[in-house]
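Source file structure.txt; content: compact mmCIF, N, CA, C and O atoms.
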```txt
# COMPACT_ATOMS: atom_id res chain seq x y z
N MET A 1 152.90 132.30 81.73
CA MET A 1 154.00 131.36 81.55
C MET A 1 155.25 132.14 81.15
O MET A 1 155.22 132.93 80.23
N SER A 2 156.32 131.91 81.85
CA SER A 2 157.58 132.60 81.58
C SER A 2 158.33 131.93 80.44
O SER A 2 158.28 130.72 80.28
N ARG A 3 158.99 132.76 79.67
CA ARG A 3 159.86 132.27 78.59
C ARG A 3 161.29 132.29 79.11
O ARG A 3 161.78 133.34 79.53
N ILE A 4 161.96 131.14 79.11
CA ILE A 4 163.33 131.02 79.60
C ILE A 4 164.26 131.03 78.39
O ILE A 4 164.11 130.21 77.48
N VAL A 5 165.20 131.96 78.37
CA VAL A 5 166.13 132.11 77.25
C VAL A 5 167.55 131.93 77.75
O VAL A 5 167.94 132.52 78.76
N PHE A 6 168.32 131.09 77.06
CA PHE A 6 169.74 130.90 77.38
C PHE A 6 170.57 131.46 76.24
O PHE A 6 170.25 131.23 75.07
N GLU A 7 171.63 132.18 76.59
CA GLU A 7 172.57 132.62 75.56
C GLU A 7 173.33 131.40 75.04
O GLU A 7 173.54 130.42 75.76
N GLN A 8 173.75 131.46 73.79
CA GLN A 8 174.40 130.32 73.15
C GLN A 8 175.65 129.87 73.90
O GLN A 8 175.93 128.68 74.02
N GLU A 9 176.40 130.81 74.43
CA GLU A 9 177.61 130.48 75.19
C GLU A 9 177.29 129.58 76.39
O GLU A 9 178.02 128.64 76.69
N LEU A 10 176.18 129.85 77.06
CA LEU A 10 175.75 129.03 78.20
C LEU A 10 175.31 127.65 77.72
O LEU A 10 175.66 126.63 78.33
N ILE A 11 174.56 127.59 76.64
CA ILE A 11 174.12 126.30 76.09
C ILE A 11 175.32 125.43 75.74
O ILE A 11 175.38 124.26 76.10
N ASP A 12 176.31 126.02 75.07
CA ASP A 12 177.52 125.28 74.69
C ASP A 12 178.24 124.75 75.92
O ASP A 12 178.67 123.60 75.96
N TYR A 13 178.37 125.59 76.94
CA TYR A 13 179.06 125.19 78.17
C TYR A 13 178.33 124.04 78.86
O TYR A 13 178.95 123.06 79.27
N MET A 14 177.02 124.16 78.98
CA MET A 14 176.25 123.12 79.65
C MET A 14 176.32 121.79 78.90
O MET A 14 176.45 120.73 79.51
N GLU A 15 176.27 121.84 77.58
CA GLU A 15 176.37 120.62 76.79
C GLU A 15 177.76 119.99 76.94
O GLU A 15 177.89 118.78 77.07
N ARG A 16 178.78 120.83 76.96
CA ARG A 16 180.16 120.33 77.12
C ARG A 16 180.36 119.67 78.49
O ARG A 16 181.02 118.65 78.61
N LYS A 17 179.76 120.25 79.52
CA LYS A 17 179.93 119.75 80.90
C LYS A 17 178.90 118.69 81.28
O LYS A 17 179.01 118.07 82.34
N GLY A 18 177.87 118.50 80.46
CA GLY A 18 176.86 117.49 80.77
C GLY A 18 175.79 117.96 81.75
O GLY A 18 175.10 117.14 82.35
N PHE A 19 175.64 119.27 81.93
CA PHE A 19 174.60 119.80 82.81
C PHE A 19 173.28 119.95 82.06
O PHE A 19 173.27 120.37 80.90
N THR A 20 172.18 119.61 82.71
CA THR A 20 170.86 119.79 82.11
C THR A 20 169.91 120.55 83.02
O THR A 20 168.78 120.82 82.63
N VAL A 21 170.38 120.90 84.22
CA VAL A 21 169.51 121.56 85.18
C VAL A 21 170.24 122.73 85.84
O VAL A 21 171.41 122.62 86.20
N ILE A 22 169.50 123.83 86.01
CA ILE A 22 169.97 124.97 86.77
C ILE A 22 169.02 125.15 87.94
O ILE A 22 167.80 125.03 87.79
N ALA A 23 169.58 125.41 89.13
CA ALA A 23 168.78 125.70 90.31
C ALA A 23 168.88 127.19 90.59
O ALA A 23 169.96 127.78 90.54
N LEU A 24 167.75 127.81 90.89
CA LEU A 24 167.67 129.24 91.18
C LEU A 24 167.05 129.39 92.56
O LEU A 24 165.98 128.84 92.83
N GLU A 25 167.76 130.10 93.44
CA GLU A 25 167.24 130.28 94.79
C GLU A 25 167.57 131.67 95.33
O GLU A 25 168.48 132.33 94.84
N ALA A 26 166.82 132.08 96.32
CA ALA A 26 167.05 133.35 96.99
C ALA A 26 167.97 133.09 98.18
O ALA A 26 167.77 132.14 98.94
N ILE A 27 168.97 133.95 98.32
CA ILE A 27 169.92 133.84 99.43
C ILE A 27 169.72 135.06 100.32
O ILE A 27 169.75 136.19 99.85
N ASN A 28 169.54 134.82 101.59
CA ASN A 28 169.39 135.91 102.56
C ASN A 28 170.62 135.93 103.46
O ASN A 28 170.66 135.23 104.47
N PRO A 29 171.63 136.71 103.08
CA PRO A 29 172.86 136.75 103.88
C PRO A 29 172.60 137.28 105.29
O PRO A 29 171.72 138.11 105.49
N LYS A 30 173.37 136.81 106.24
CA LYS A 30 173.27 137.27 107.62
C LYS A 30 174.49 138.13 107.92
O LYS A 30 175.59 137.84 107.50
N GLY A 31 174.30 139.19 108.65
CA GLY A 31 175.41 140.04 109.04
C GLY A 31 174.96 141.46 109.26
O GLY A 31 173.86 141.86 108.88
N CYS A 32 175.84 142.25 109.81
CA CYS A 32 175.49 143.62 110.17
C CYS A 32 175.40 144.55 108.96
O CYS A 32 174.70 145.55 109.01
N CYS A 33 176.11 144.26 107.90
CA CYS A 33 176.17 145.19 106.76
C CYS A 33 175.38 144.72 105.55
O CYS A 33 175.37 145.38 104.52
N VAL A 34 174.75 143.58 105.66
CA VAL A 34 174.06 143.03 104.50
C VAL A 34 172.58 142.88 104.83
O VAL A 34 172.21 142.23 105.79
N ASP A 35 171.74 143.51 104.03
CA ASP A 35 170.31 143.40 104.29
C ASP A 35 169.49 143.18 103.02
O ASP A 35 168.31 143.43 102.99
N MET A 36 170.16 142.72 101.97
CA MET A 36 169.47 142.50 100.70
C MET A 36 169.43 141.01 100.36
O MET A 36 170.40 140.30 100.57
N THR A 37 168.30 140.58 99.82
CA THR A 37 168.19 139.22 99.32
C THR A 37 168.83 139.18 97.94
O THR A 37 168.64 140.09 97.14
N GLU A 38 169.60 138.15 97.67
CA GLU A 38 170.25 138.00 96.37
C GLU A 38 169.78 136.72 95.71
O GLU A 38 169.35 135.77 96.37
N LEU A 39 169.86 136.68 94.39
CA LEU A 39 169.57 135.47 93.64
C LEU A 39 170.85 134.69 93.42
O LEU A 39 171.88 135.27 93.11
N ALA A 40 170.75 133.39 93.56
CA ALA A 40 171.89 132.52 93.29
C ALA A 40 171.46 131.48 92.25
O ALA A 40 170.44 130.81 92.42
N ALA A 41 172.21 131.40 91.18
CA ALA A 41 171.97 130.40 90.13
C ALA A 41 173.14 129.45 90.13
O ALA A 41 174.29 129.88 90.20
N ARG A 42 172.85 128.15 90.06
CA ARG A 42 173.94 127.16 90.04
C ARG A 42 173.55 125.99 89.16
O ARG A 42 172.37 125.72 88.94
N PHE A 43 174.58 125.32 88.67
CA PHE A 43 174.37 124.11 87.89
C PHE A 43 174.14 122.96 88.86
O PHE A 43 174.75 122.89 89.92
N VAL A 44 173.26 122.05 88.48
CA VAL A 44 172.99 120.87 89.30
C VAL A 44 173.69 119.68 88.64
O VAL A 44 173.46 119.39 87.47
N ARG A 45 174.54 119.02 89.42
CA ARG A 45 175.22 117.83 88.89
C ARG A 45 174.21 116.73 88.61
O ARG A 45 173.21 116.60 89.34
N PRO A 46 174.43 115.95 87.56
CA PRO A 46 173.46 114.91 87.20
C PRO A 46 173.09 113.99 88.36
O PRO A 46 171.92 113.64 88.50
N LYS A 47 174.04 113.65 89.21
CA LYS A 47 173.73 112.74 90.33
C LYS A 47 172.86 113.39 91.40
O LYS A 47 172.27 112.70 92.22
N ASP A 48 172.77 114.73 91.41
CA ASP A 48 172.00 115.44 92.42
C ASP A 48 170.62 115.91 91.94
O ASP A 48 169.87 116.51 92.71
N VAL A 49 170.29 115.66 90.68
CA VAL A 49 169.05 116.19 90.10
C VAL A 49 167.81 115.74 90.88
O VAL A 49 166.96 116.57 91.22
N ASP A 50 167.69 114.48 91.22
CA ASP A 50 166.48 114.00 91.92
C ASP A 50 166.33 114.67 93.28
O ASP A 50 165.23 115.07 93.67
N ALA A 51 167.42 114.79 94.03
CA ALA A 51 167.36 115.40 95.36
C ALA A 51 166.98 116.87 95.27
O ALA A 51 166.17 117.36 96.06
N VAL A 52 167.55 117.60 94.32
CA VAL A 52 167.25 119.02 94.18
C VAL A 52 165.83 119.21 93.66
O VAL A 52 165.10 120.09 94.10
N GLN A 53 165.40 118.34 92.74
CA GLN A 53 164.05 118.44 92.19
C GLN A 53 163.01 118.28 93.29
O GLN A 53 161.97 118.94 93.27
N SER A 54 163.27 117.44 94.27
CA SER A 54 162.30 117.22 95.35
C SER A 54 162.12 118.48 96.20
O SER A 54 161.12 118.62 96.89
N LYS A 55 163.07 119.42 96.16
CA LYS A 55 162.97 120.67 96.91
C LYS A 55 162.40 121.82 96.08
O LYS A 55 162.15 122.90 96.61
N ALA A 56 162.19 121.59 94.80
CA ALA A 56 161.76 122.67 93.89
C ALA A 56 160.29 123.02 94.11
O ALA A 56 159.44 122.15 94.27
N CYS A 57 160.01 124.32 94.10
CA CYS A 57 158.61 124.77 94.16
C CYS A 57 158.14 125.22 92.79
O CYS A 57 156.98 125.58 92.62
N GLY A 58 159.03 125.19 91.81
CA GLY A 58 158.69 125.51 90.43
C GLY A 58 159.69 124.84 89.49
O GLY A 58 160.89 124.84 89.77
N ILE A 59 159.20 124.23 88.43
CA ILE A 59 160.06 123.57 87.44
C ILE A 59 159.66 124.09 86.07
O ILE A 59 158.49 124.06 85.70
N TYR A 60 160.66 124.59 85.33
CA TYR A 60 160.43 125.19 84.02
C TYR A 60 161.32 124.52 82.99
O TYR A 60 162.47 124.19 83.28
N GLU A 61 160.80 124.34 81.79
CA GLU A 61 161.59 123.80 80.68
C GLU A 61 162.50 124.89 80.13
O GLU A 61 162.09 126.04 80.04
N THR A 62 163.71 124.51 79.77
CA THR A 62 164.70 125.44 79.21
C THR A 62 165.23 124.89 77.90
O THR A 62 164.96 123.73 77.57
N PRO A 63 166.02 125.67 77.17
CA PRO A 63 166.59 125.17 75.92
C PRO A 63 167.50 123.96 76.09
O PRO A 63 167.74 123.22 75.14
N VAL A 64 168.03 123.75 77.30
CA VAL A 64 168.97 122.65 77.53
C VAL A 64 168.41 121.59 78.46
O VAL A 64 168.90 120.47 78.51
N GLY A 65 167.39 121.89 79.21
CA GLY A 65 166.86 120.94 80.19
C GLY A 65 165.80 121.60 81.03
O GLY A 65 164.74 121.97 80.52
N GLN A 66 166.11 121.82 82.32
CA GLN A 66 165.12 122.39 83.22
C GLN A 66 165.73 123.43 84.15
O GLN A 66 166.93 123.41 84.43
N LEU A 67 164.86 124.30 84.66
CA LEU A 67 165.20 125.27 85.68
C LEU A 67 164.38 124.93 86.90
O LEU A 67 163.15 124.84 86.82
N PHE A 68 165.05 124.69 88.03
CA PHE A 68 164.36 124.43 89.29
C PHE A 68 164.39 125.70 90.12
O PHE A 68 165.47 126.20 90.43
N VAL A 69 163.23 126.23 90.49
CA VAL A 69 163.15 127.37 91.38
C VAL A 69 162.97 126.82 92.79
O VAL A 69 162.01 126.10 93.05
N LEU A 70 163.91 127.15 93.67
CA LEU A 70 163.93 126.55 95.00
C LEU A 70 163.39 127.45 96.10
O LEU A 70 163.30 127.03 97.25
N SER A 71 163.02 128.67 95.77
CA SER A 71 162.51 129.62 96.77
C SER A 71 161.15 130.14 96.34
O SER A 71 160.98 130.63 95.23
N ARG A 72 160.19 130.05 97.24
CA ARG A 72 158.83 130.49 96.93
C ARG A 72 158.73 131.98 96.62
O ARG A 72 157.84 132.41 95.90
N GLU A 73 159.61 132.78 97.18
CA GLU A 73 159.51 134.22 96.97
C GLU A 73 159.99 134.68 95.60
O GLU A 73 159.83 135.83 95.23
N ILE A 74 160.53 133.78 94.80
CA ILE A 74 160.98 134.13 93.46
C ILE A 74 159.81 134.10 92.49
O ILE A 74 159.12 133.09 92.38
N GLU A 75 159.60 135.20 91.81
CA GLU A 75 158.59 135.29 90.76
C GLU A 75 159.30 135.58 89.46
O GLU A 75 160.08 136.53 89.37
N LEU A 76 159.05 134.78 88.44
CA LEU A 76 159.70 134.97 87.16
C LEU A 76 158.92 135.97 86.32
O LEU A 76 157.69 135.97 86.31
N ASP A 77 159.65 136.80 85.62
CA ASP A 77 159.06 137.78 84.72
C ASP A 77 158.57 137.05 83.46
O ASP A 77 158.73 135.83 83.33
N ASP A 78 158.01 137.80 82.51
CA ASP A 78 157.55 137.20 81.26
C ASP A 78 158.69 136.51 80.51
O ASP A 78 158.49 135.50 79.86
N GLU A 79 159.89 137.11 80.58
CA GLU A 79 161.06 136.51 79.94
C GLU A 79 162.23 136.56 80.91
O GLU A 79 162.48 137.59 81.53
N VAL A 80 162.93 135.44 81.05
CA VAL A 80 164.10 135.35 81.93
C VAL A 80 165.27 134.91 81.07
O VAL A 80 165.19 133.91 80.35
N ARG A 81 166.37 135.68 81.12
CA ARG A 81 167.56 135.38 80.32
C ARG A 81 168.71 134.96 81.22
O ARG A 81 168.97 135.59 82.23
N PHE A 82 169.38 133.89 80.79
CA PHE A 82 170.57 133.42 81.48
C PHE A 82 171.73 133.44 80.50
O PHE A 82 171.57 133.07 79.34
N GLY A 83 172.88 133.84 81.00
CA GLY A 83 174.11 133.79 80.23
C GLY A 83 175.19 133.14 81.08
O GLY A 83 175.02 132.99 82.29
N LEU A 84 176.26 132.78 80.49
CA LEU A 84 177.34 132.13 81.23
C LEU A 84 177.87 133.05 82.33
O LEU A 84 178.25 132.60 83.39
N ARG A 85 177.84 134.36 82.12
CA ARG A 85 178.30 135.30 83.14
C ARG A 85 177.48 135.20 84.42
O ARG A 85 177.96 135.51 85.49
N SER A 86 176.25 134.73 84.33
CA SER A 86 175.42 134.58 85.52
C SER A 86 176.02 133.59 86.50
O SER A 86 175.71 133.62 87.69
N PHE A 87 176.89 132.74 86.03
CA PHE A 87 177.45 131.69 86.87
C PHE A 87 178.91 131.94 87.21
O PHE A 87 179.50 131.20 87.96
N LEU A 88 179.48 132.98 86.64
CA LEU A 88 180.88 133.29 86.89
C LEU A 88 181.03 134.47 87.84
O LEU A 88 182.12 134.97 88.03
N GLY A 89 179.94 134.94 88.41
CA GLY A 89 179.99 136.02 89.38
C GLY A 89 180.07 137.41 88.77
O GLY A 89 180.31 138.37 89.46
N VAL A 90 179.87 137.52 87.47
CA VAL A 90 179.92 138.82 86.81
C VAL A 90 178.52 139.17 86.33
O VAL A 90 177.90 138.39 85.62
N LYS A 91 178.01 140.32 86.73
CA LYS A 91 176.67 140.73 86.32
C LYS A 91 176.76 141.98 85.47
O LYS A 91 177.60 142.83 85.70
N ASP A 92 175.90 142.08 84.47
CA ASP A 92 175.83 143.30 83.66
C ASP A 92 174.98 144.33 84.37
O ASP A 92 174.04 144.02 85.04
```
Could you express the structure from this file as structure tokens?
Amino acid sequence: MSRIVFEQELIDYMERKGFTVIALEAINPKGCCVDMTELAARFVRPKDVDAVQSKACGIYETPVGQLFVLSREIELDDEVRFGLRSFLGVKD
């Protein structure tokens, strides 16, 4: 069982915006210069939760709500950490 950890800054942001679900999926870009699969994390709007949940192949409880894993090829490590930077396009 994976442990999902959110940084406090992300928790505060999600509570302020009313988000309770994050969707995580693998993106396979097409093109001549791109050959790597990337992870994409996004907030799910409350009105879209049911539709996105129906596509999930994994659902995990988080400190703020749930994480929906939308791609079968994603395997979670023992601990997965999310921060607000994960959603602003900046990676450490």
Skip A:Gly83 itself and residues of its chain fewer than 2 positions away, then list as a ChimeraX atom specification all residues within 7 Å of it, counting only C-alpha atoms.
/A:6-7,9-10,81,85-86
So which bits of stretch 16-77 of chain A end up alpha helix (DSSP H) when you DSSP the backbone, as an NGL selection string? :A and (16-17 or 49-53)
Quick one: everything within 8 Å of stretch 45-48 of chain A, counting only C-alpha atoms, minus sequence neighbours fewer than 5 positions away in the same chain. Send it as a JSON list (two decimals) with N, CA, C and O atoms, in the coordinates of the input.
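Produced file result15.json, reproduced below:
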```
[["chain", "number", "residue", "atom", "x", "y", "z"],
["A", 18, "GLY", "N", 177.87, 118.50, 80.46],
["A", 18, "GLY", "CA", 176.86, 117.49, 80.77],
["A", 18, "GLY", "C", 175.79, 117.96, 81.75],
["A", 18, "GLY", "O", 175.10, 117.14, 82.35],
["A", 19, "PHE", "N", 175.64, 119.27, 81.93],
["A", 19, "PHE", "CA", 174.60, 119.80, 82.81],
["A", 19, "PHE", "C", 173.28, 119.95, 82.06],
["A", 19, "PHE", "O", 173.27, 120.37, 80.90],
["A", 20, "THR", "N", 172.18, 119.61, 82.71],
["A", 20, "THR", "CA", 170.86, 119.79, 82.11],
["A", 20, "THR", "C", 169.91, 120.55, 83.02],
["A", 20, "THR", "O", 168.78, 120.82, 82.63],
["A", 21, "VAL", "N", 170.38, 120.90, 84.22],
["A", 21, "VAL", "CA", 169.51, 121.56, 85.18],
["A", 21, "VAL", "C", 170.24, 122.73, 85.84],
["A", 21, "VAL", "O", 171.41, 122.62, 86.20]]
```
Would you compute, for all listed atoms of stretch 6-11 of chain A, the axis-aligned bounding box grown by 8 Å on each side, and then report its centre and edge lengths in Å rounded to one decimal, as lines of an AutoDock Vina configuration file?
```
center_x = 173.2
center_y = 128.4
center_z = 75.7
size_x = 25.7
size_y = 24.4
size_z = 21.2
```
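Residue nearest A:Leu39 within the list A:Asp12, A:Lys17, A:Glu75, A:Cys57: A:Glu75 [criterion: smallest interatomic distance, only C-alpha atoms].
Atom CA of A:Gln53 is found 17.8 Å from atom CA of A:Ile4.
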DSSP-assigned strand (DSSP E or B) members of stretch 10-58 of chain A, reported as a VMD selection string
chain A and resid 21 to 27 38 to 43 58
Next, write the just-selected residues to a file, as a PDB file, in the frame of the given file, keeping N, CA, C and O atoms as the atom set.
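New file result-v2.pdb:
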```
ATOM      1  N   VAL A  21     170.380 120.900  84.220  1.00  0.00           N
ATOM      2  CA  VAL A  21     169.510 121.560  85.180  1.00  0.00           C
ATOM      3  C   VAL A  21     170.240 122.730  85.840  1.00  0.00           C
ATOM      4  O   VAL A  21     171.410 122.620  86.200  1.00  0.00           O
ATOM      5  N   ILE A  22     169.500 123.830  86.010  1.00  0.00           N
ATOM      6  CA  ILE A  22     169.970 124.970  86.770  1.00  0.00           C
ATOM      7  C   ILE A  22     169.020 125.150  87.940  1.00  0.00           C
ATOM      8  O   ILE A  22     167.800 125.030  87.790  1.00  0.00           O
ATOM      9  N   ALA A  23     169.580 125.410  89.130  1.00  0.00           N
ATOM     10  CA  ALA A  23     168.780 125.700  90.310  1.00  0.00           C
ATOM     11  C   ALA A  23     168.880 127.190  90.590  1.00  0.00           C
ATOM     12  O   ALA A  23     169.960 127.780  90.540  1.00  0.00           O
ATOM     13  N   LEU A  24     167.750 127.810  90.890  1.00  0.00           N
ATOM     14  CA  LEU A  24     167.670 129.240  91.180  1.00  0.00           C
ATOM     15  C   LEU A  24     167.050 129.390  92.560  1.00  0.00           C
ATOM     16  O   LEU A  24     165.980 128.840  92.830  1.00  0.00           O
ATOM     17  N   GLU A  25     167.760 130.100  93.440  1.00  0.00           N
ATOM     18  CA  GLU A  25     167.240 130.280  94.790  1.00  0.00           C
ATOM     19  C   GLU A  25     167.570 131.670  95.330  1.00  0.00           C
ATOM     20  O   GLU A  25     168.480 132.330  94.840  1.00  0.00           O
ATOM     21  N   ALA A  26     166.820 132.080  96.320  1.00  0.00           N
ATOM     22  CA  ALA A  26     167.050 133.350  96.990  1.00  0.00           C
ATOM     23  C   ALA A  26     167.970 133.090  98.180  1.00  0.00           C
ATOM     24  O   ALA A  26     167.770 132.140  98.940  1.00  0.00           O
ATOM     25  N   ILE A  27     168.970 133.950  98.320  1.00  0.00           N
ATOM     26  CA  ILE A  27     169.920 133.840  99.430  1.00  0.00           C
ATOM     27  C   ILE A  27     169.720 135.060 100.320  1.00  0.00           C
ATOM     28  O   ILE A  27     169.750 136.190  99.850  1.00  0.00           O
ATOM     29  N   GLU A  38     169.600 138.150  97.670  1.00  0.00           N
ATOM     30  CA  GLU A  38     170.250 138.000  96.370  1.00  0.00           C
ATOM     31  C   GLU A  38     169.780 136.720  95.710  1.00  0.00           C
ATOM     32  O   GLU A  38     169.350 135.770  96.370  1.00  0.00           O
ATOM     33  N   LEU A  39     169.860 136.680  94.390  1.00  0.00           N
ATOM     34  CA  LEU A  39     169.570 135.470  93.640  1.00  0.00           C
ATOM     35  C   LEU A  39     170.850 134.690  93.420  1.00  0.00           C
ATOM     36  O   LEU A  39     171.880 135.270  93.110  1.00  0.00           O
ATOM     37  N   ALA A  40     170.750 133.390  93.560  1.00  0.00           N
ATOM     38  CA  ALA A  40     171.890 132.520  93.290  1.00  0.00           C
ATOM     39  C   ALA A  40     171.460 131.480  92.250  1.00  0.00           C
ATOM     40  O   ALA A  40     170.440 130.810  92.420  1.00  0.00           O
ATOM     41  N   ALA A  41     172.210 131.400  91.180  1.00  0.00           N
ATOM     42  CA  ALA A  41     171.970 130.400  90.130  1.00  0.00           C
ATOM     43  C   ALA A  41     173.140 129.450  90.130  1.00  0.00           C
ATOM     44  O   ALA A  41     174.290 129.880  90.200  1.00  0.00           O
ATOM     45  N   ARG A  42     172.850 128.150  90.060  1.00  0.00           N
ATOM     46  CA  ARG A  42     173.940 127.160  90.040  1.00  0.00           C
ATOM     47  C   ARG A  42     173.550 125.990  89.160  1.00  0.00           C
ATOM     48  O   ARG A  42     172.370 125.720  88.940  1.00  0.00           O
ATOM     49  N   PHE A  43     174.580 125.320  88.670  1.00  0.00           N
ATOM     50  CA  PHE A  43     174.370 124.110  87.890  1.00  0.00           C
ATOM     51  C   PHE A  43     174.140 122.960  88.860  1.00  0.00           C
ATOM     52  O   PHE A  43     174.750 122.890  89.920  1.00  0.00           O
ATOM     53  N   GLY A  58     159.030 125.190  91.810  1.00  0.00           N
ATOM     54  CA  GLY A  58     158.690 125.510  90.430  1.00  0.00           C
ATOM     55  C   GLY A  58     159.690 124.840  89.490  1.00  0.00           C
ATOM     56  O   GLY A  58     160.890 124.840  89.770  1.00  0.00           O
TER      57      GLY A  58
END
```
Atom pair atom CA of A:Val80 + atom CA of A:Ser2, distance 7.1 Å
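Computed from the coordinates, the atom CA of A:Glu73 to atom CA of A:Glu15 distance equals 29.6 Å.
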Quick one: everything within 10 Å of A:Arg72, counting only C-alpha atoms, minus sequence neighbours fewer than 4 positions away in the same chain. Send it as a short mmCIF file (atom, residue, chain, number, x, y, z; two decimals) with N, CA, C and O atoms, keeping the file's coordinate frame.
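As a result, part.cif now contains:
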```cif
data_model
loop_
_atom_site.label_atom_id
_atom_site.label_comp_id
_atom_site.auth_asym_id
_atom_site.auth_seq_id
_atom_site.Cartn_x
_atom_site.Cartn_y
_atom_site.Cartn_z
N GLU A 25 167.76 130.10 93.44
CA GLU A 25 167.24 130.28 94.79
C GLU A 25 167.57 131.67 95.33
O GLU A 25 168.48 132.33 94.84
N ALA A 26 166.82 132.08 96.32
CA ALA A 26 167.05 133.35 96.99
C ALA A 26 167.97 133.09 98.18
O ALA A 26 167.77 132.14 98.94
N ALA A 56 162.19 121.59 94.80
CA ALA A 56 161.76 122.67 93.89
C ALA A 56 160.29 123.02 94.11
O ALA A 56 159.44 122.15 94.27
N CYS A 57 160.01 124.32 94.10
CA CYS A 57 158.61 124.77 94.16
C CYS A 57 158.14 125.22 92.79
O CYS A 57 156.98 125.58 92.62
N GLY A 58 159.03 125.19 91.81
CA GLY A 58 158.69 125.51 90.43
C GLY A 58 159.69 124.84 89.49
O GLY A 58 160.89 124.84 89.77
#
```
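Each of A:Met14, A:Ala23, A:Val49, A:Leu84 was checked against A:Ser71 using only N, CA, C and O atoms; the smallest atom-to-atom distance is that of A:Ala23.
Candidate residues A:Glu61, A:Val44, A:Lys55, A:Leu24 were compared for distance to A:Ile74, and the nearest is A:Leu24, using all atoms listed in the file.
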